[in-house]
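Engineer: Here it is, the structure in full.
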Amino acid sequence: MKKKILVVDDEISSVELLTGILNKDYEVIAAYDGNEALLKVKTNFPDLILLDIMMPDINGFDVCRLLKDDEKTMSIPIVMVTALNRKEDRIKAIEAGADDFLNKPVDMDILYAKVKSLLTVKSYYDNLMHGNNGILNNNQEVPKIEHPLLQTNPRLEDIVKNHLEIIILKMISTRPMCGYDLIKEIFADYNVLLSQGTVYPFLYSLKVEGILHAEFMKGDMRTKRYSPTQEGKQMIEKKFNDFIKAEEYILNSLKK
């Protein structure tokens, strides 16, 4: 069965171009504005979305954010197809949860490479949740992890997300890790399964700050491993100390 790709663009010519490139190997679904895109996602549940940014009514940033904030659609890879080249626009897209970018005019070879890579990554992610060897296989129980918060605090996912930066730094300080290593380890430690769009913006931000650097593995953007820079090691230690002091202060205040 062919993988389904949703192409979203208010320019008919752009939709036709992408459809013509992809329809030999994939089932292509078209949407011509943000509202139609959200509807098509619900009715067709595509494997990947190619999303234009500049659209009337609901722009691509907002569409991406809505899909990544919904646990039913957060694992669908979203590639922003845009003529915007400013760093600020790319950061905004990453913060919205975008998984990759594609510049207009579209290069066919780059398009195919990105699509293939992201569909492979999504298969790994799906296997985590539903595969025969996955951690959420319907035929097996979810692993019971001994952790005091699991039984006493139903808002553990919120707590993990609110402390995600320090959790990521703690994990990466022990060994180089890629985004999917982090997703799996956070699940194992806290029984919380995060999306790519939740984890990767933190990695990008920490890299921009100079705390982490990335090592590319076999040219695959999605499996690049992050580790602390020399300066970053000192910054991580300071963040740990500041975090612990702040948490101790809050806990002591609550006990009074």
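Simple scheme: letters A, B, ... for chains in structure tokens order, numbers from 1 for residues in each chain, numbers from 1 for ligands in the order shown.
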Residues near A:Leu102, anyone? I mean within 9 Å using only C-alpha atoms, not counting same-chain ones fewer than 6 positions away, as a ChimeraX atom specification.
Structural biologist: /A:50,79-83,110-111,114
Engineer: As a short mmCIF file (atom, residue, chain, number, x, y, z; two decimals) with N, CA and C atoms, in the first residue's frame, please: the residues near A:Lys233 (cut-off 8 Å, only C-alpha atoms, same-chain neighbours under 4 positions excluded).
Structural biologist:
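Output contents, as saved in selection.cif:
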```
data_model
loop_
_atom_site.label_atom_id
_atom_site.label_comp_id
_atom_site.auth_asym_id
_atom_site.auth_seq_id
_atom_site.Cartn_x
_atom_site.Cartn_y
_atom_site.Cartn_z
N SER A 173 24.20 14.62 28.93
CA SER A 173 25.48 14.79 29.63
C SER A 173 26.15 13.44 29.91
N ILE A 211 25.45 25.17 23.75
CA ILE A 211 25.58 24.17 24.81
C ILE A 211 25.82 22.79 24.22
N PRO A 228 27.47 17.56 24.61
CA PRO A 228 27.84 18.88 25.12
C PRO A 228 29.13 19.40 24.49
N THR A 229 29.18 20.69 24.23
CA THR A 229 30.43 21.33 23.85
C THR A 229 31.27 21.49 25.10
N GLU A 237 26.29 22.25 34.00
CA GLU A 237 26.47 22.13 35.45
C GLU A 237 25.81 23.30 36.18
#
```
Engineer: Could you find all residues in stretch 37-87 of chain A that DSSP calls helix (DSSP H, G or I) from the backbone, and write them as JSON, numbers by chain?
Structural biologist: {"A": [37, 38, 39, 40, 41, 42, 43, 44, 60, 61, 62, 63, 64, 65, 66, 67, 68, 87]}
Engineer: Restrict the selected residues to C-alpha atoms and save them as a compact mmCIF listing (two decimals), in the first residue's frame.
Structural biologist:
```
# COMPACT_ATOMS: atom_id res chain seq x y z
CA ALA A 37 -5.81 20.76 5.39
CA LEU A 38 -7.05 20.17 8.95
CA LEU A 39 -10.15 18.47 7.59
CA LYS A 40 -8.16 16.28 5.19
CA VAL A 41 -5.87 15.20 8.02
CA LYS A 42 -8.86 14.00 10.05
CA THR A 43 -10.50 12.17 7.14
CA ASN A 44 -7.38 10.71 5.49
CA GLY A 60 1.16 27.09 7.89
CA PHE A 61 2.63 27.93 11.31
CA ASP A 62 -0.80 27.68 12.95
CA VAL A 63 -1.76 24.52 11.05
CA CYS A 64 1.49 22.88 12.12
CA ARG A 65 1.02 23.94 15.74
CA LEU A 66 -2.54 22.61 15.87
CA LEU A 67 -1.51 19.23 14.46
CA LYS A 68 1.55 18.88 16.70
CA LYS A 87 16.29 32.58 10.06
```
Engineer: Extract, using only C-alpha atoms, all DNA, RNA and protein residues at most 8 Å from stretch 188-201 of chain A, discarding same-chain residues fewer than 3 positions from it, and format them as a list of chain:residue names.
Structural biologist: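 Neighbouring residues, sequence-local ones excluded: A:Lys68, A:Met74, A:Ser75, A:Ile94, A:Glu95, A:Ala96, A:Gly97, A:Ala98, A:Asp99, A:Ile145, A:His147, A:Leu150, A:Leu156, A:Glu157, A:Val160, A:Gly179, A:Tyr180, A:Leu182, A:Ile183, A:Lys184, A:Glu185, A:Tyr204, A:Ser205.
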Engineer: Could the residues in this selection be saved with C-alpha atoms as a PDB file, in the first residue's frame?
Structural biologist:
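Dumped everything to selection09.pdb:
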```pdb
ATOM      1  CA  LYS A  68       1.547  18.884  16.702  1.00  0.00           C
ATOM      2  CA  MET A  74       1.534  14.844  16.501  1.00  0.00           C
ATOM      3  CA  SER A  75       3.603  12.012  14.990  1.00  0.00           C
ATOM      4  CA  ILE A  94      10.600  24.716  14.394  1.00  0.00           C
ATOM      5  CA  GLU A  95       8.870  26.129  17.453  1.00  0.00           C
ATOM      6  CA  ALA A  96       5.538  25.219  15.829  1.00  0.00           C
ATOM      7  CA  GLY A  97       6.801  21.630  15.530  1.00  0.00           C
ATOM      8  CA  ALA A  98       7.916  21.403  11.886  1.00  0.00           C
ATOM      9  CA  ASP A  99      10.133  18.425  11.144  1.00  0.00           C
ATOM     10  CA  ILE A 145       7.842   1.392  35.651  1.00  0.00           C
ATOM     11  CA  HIS A 147       8.532   5.443  39.951  1.00  0.00           C
ATOM     12  CA  LEU A 150       3.504   7.449  38.431  1.00  0.00           C
ATOM     13  CA  LEU A 156       3.317  13.713  35.152  1.00  0.00           C
ATOM     14  CA  GLU A 157       3.343  14.529  31.426  1.00  0.00           C
ATOM     15  CA  VAL A 160       8.076  16.340  32.277  1.00  0.00           C
ATOM     16  CA  GLY A 179      16.178  12.843  19.337  1.00  0.00           C
ATOM     17  CA  TYR A 180      14.742   9.353  19.129  1.00  0.00           C
ATOM     18  CA  LEU A 182      15.726  10.815  24.064  1.00  0.00           C
ATOM     19  CA  ILE A 183      12.104   9.989  23.221  1.00  0.00           C
ATOM     20  CA  LYS A 184      12.653   6.327  24.086  1.00  0.00           C
ATOM     21  CA  GLU A 185      14.602   7.039  27.282  1.00  0.00           C
ATOM     22  CA  TYR A 204      17.831  23.111  18.263  1.00  0.00           C
ATOM     23  CA  SER A 205      17.668  25.828  20.929  1.00  0.00           C
TER      24      SER A 205
END
```
Engineer: Atom CA of A:Asp47 and atom CA of A:Glu27, how far apart in Å?
Structural biologist: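 The value is 9.8 Å.
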Engineer: List every residue of stretch 166-234 of chain A that DSSP, applied to the backbone of this structure, places in strand (DSSP E or B), and write the result as a ChimeraX atom specification.
Structural biologist: /A:177,212-217,220-228
Engineer: Please report the interatomic distance between atom CA of A:Lys72 and atom CA of A:Ile49 in Å with one decimal.
Structural biologist: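 Interatomic distance here is 14.5 Å.
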Engineer: Taking 3 positions as the minimum chain separation for residues in the same chain, which residues sit within 12 Å of A:Ile236 when counting only C-alpha atoms? Answer as JSON, numbers by chain.
Structural biologist: {"A": [165, 166, 167, 168, 169, 170, 171, 172, 173, 174, 206, 209, 210, 211, 212, 227, 228, 229, 230, 231, 232, 233, 239, 240, 241, 242, 243]}
Engineer: Could you check the closest approach to A:Val15 for each of A:Ile186, A:Ile244, A:Ala113, A:Ala30 and tell me which residue wins, using only C-alpha atoms?
Structural biologist: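 Looking only at the distances to A:Val15, the closest residue turns out to be A:Ala30.
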Engineer: With distances taken over only C-alpha atoms, which of A:Asn35, A:Thr120, A:Ser14, A:Asn162 is nearest to A:Asp52?
Structural biologist: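 The answer is A:Ser14, which sits nearest to A:Asp52.
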Engineer: Pick from A:Asp10, A:Asn252, A:Leu118, A:Lys104: nearest to A:Asp57, with only C-alpha atoms counted?
Structural biologist: A:Asp10
Engineer: Go through A:Val8, A:Lys24, A:Gly34, A:Tyr112 and flag the residue nearest A:Asn59, using only C-alpha atoms for the distances.
Structural biologist: A:Gly34
Engineer: Provide the atom CA of A:Ile29 to atom CA of A:Pro46 distance in Å, to one decimal place.
Structural biologist: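 Separation of atom CA of A:Ile29 and atom CA of A:Pro46: 8.2 Å.
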Engineer: Have a look at A:Cys178, A:Phe187, A:Ser13, A:Glu247 and name the one nearest to A:Arg225; count only C-alpha atoms.
Structural biologist: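 The closest residue to A:Arg225 is A:Cys178.
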